Amino acid sequence: WFRPVFRTLRAMRKVRGTRLDVFGYAHLRRVERELIQEYRETILEALAAARPAADLAADLDAVVELAELPDLVRGYEQIKLDNVDTYHRRRSELLEKLRPAPAQETPMCR
């Protein structure tokens with residue numbers, strides 16, 4: 001008796017990601033879509049921030065951990081949203097670790 005419902009759902013898959021996708025308007029779905037773009041930008045930023053090959057070994061662990069961060073984002077509804085917060089905190093920490101330290105000004109001798 002449920003077969004017609006499954007056929008309807010299958011036909012509706014073409015609607016996914018379009019303006020007609022009513023489930024796509026949910027807060028969690030919007031967050032998930034934003035995370036995809038954010039992850040791409042994070043990886044590009046991490047690769048750009050990595051130091052030259054001689055110092056790459058020092059940054060390699062941080063870059064690998066950044067690449068694995070999406071594994072944190074699991075669960076349903078509020079659990080997933082809490083994990084997204086954890087993801088953002090850890091992402092910020094790792095990116096800060098990769099960014100070069102500001103150059104210290106040396107006092108000028110007169």
# chains A, B, ... in the order shown; residues from 1 in each chain; ligands from 1
call {"tool": "residues_around", "arguments": {"residues": "Glu77 in chain A", "least_positions_apart": "2", "cutoff": "12 Å", "atoms": "only C-alpha atoms", "output": "PyMOL selection string"}}
result
chain A and resi 26-29+31-32+73-75+79-84
call {"tool": "select_by_dssp", "arguments": {"residues": "chain A", "states": "helix (DSSP H, G or I)", "output": "ChimeraX atom specification"}}
result
/A:3-15,22-25,27-49,53-72,78-98
call {"tool": "residues_around", "arguments": {"residues": "range 44-46 of chain A", "least_positions_apart": "6", "cutoff": "7 Å", "atoms": "only C-alpha atoms", "output": "PyMOL selection string"}}
result
chain A and resi 63+95+98
call {"tool": "write_last_selection", "arguments": {"atoms": "N, CA, C and O atoms", "output": "mmCIF file, in the first residue's frame"}}
result
data_model
loop_
_atom_site.group_PDB
_atom_site.id
_atom_site.type_symbol
_atom_site.label_atom_id
_atom_site.label_comp_id
_atom_site.auth_asym_id
_atom_site.auth_seq_id
_atom_site.Cartn_x
_atom_site.Cartn_y
_atom_site.Cartn_z
ATOM 1 N N VAL A 63 46.990 20.719 9.063
ATOM 2 C CA VAL A 63 46.272 20.656 7.790
ATOM 3 C C VAL A 63 45.469 19.367 7.698
ATOM 4 O O VAL A 63 44.311 19.366 7.276
ATOM 5 N N LEU A 95 43.245 27.134 12.096
ATOM 6 C CA LEU A 95 43.634 28.164 11.129
ATOM 7 C C LEU A 95 44.542 29.199 11.779
ATOM 8 O O LEU A 95 45.479 29.689 11.152
ATOM 9 N N LEU A 98 47.979 27.913 11.845
ATOM 10 C CA LEU A 98 48.636 27.903 10.536
ATOM 11 C C LEU A 98 49.027 29.287 10.053
ATOM 12 O O LEU A 98 49.969 29.421 9.281
#
call {"tool": "closest_residue", "arguments": {"among": "A:Leu47, A:Val15, A:Val22, A:Leu69", "to": "Arg91 in chain A", "atoms": "only C-alpha atoms"}}
result
A:Leu69
call {"tool": "atom_distance", "arguments": {"atom1": "CA of Trp1 in chain A", "atom2": "CA of Leu20 in chain A"}}
result
26.6 Å
call {"tool": "atom_distance", "arguments": {"atom1": "CA of Arg16 in chain A", "atom2": "CA of Leu66 in chain A"}}
result
29.1 Å
call {"tool": "atom_distance", "arguments": {"atom1": "CA of Gln37 in chain A", "atom2": "CA of Ala11 in chain A"}}
result
27.9 Å
call {"tool": "residues_around", "arguments": {"residues": "Glu68 in chain A", "least_positions_apart": "6", "cutoff": "12 Å", "atoms": "only C-alpha atoms", "output": "PyMOL selection string"}}
result
chain A and resi 39+42-43+61-62+87+90-91+94
call {"tool": "closest_residue", "arguments": {"among": "A:Glu41, A:Val64, A:Leu72, A:Thr8", "to": "Arg89 in chain A", "atoms": "only C-alpha atoms"}}
result
A:Leu72
call {"tool": "closest_residue", "arguments": {"among": "A:Arg19, A:Arg10, A:Arg3, A:His88", "to": "Glu38 in chain A", "atoms": "only C-alpha atoms"}}
result
A:His88
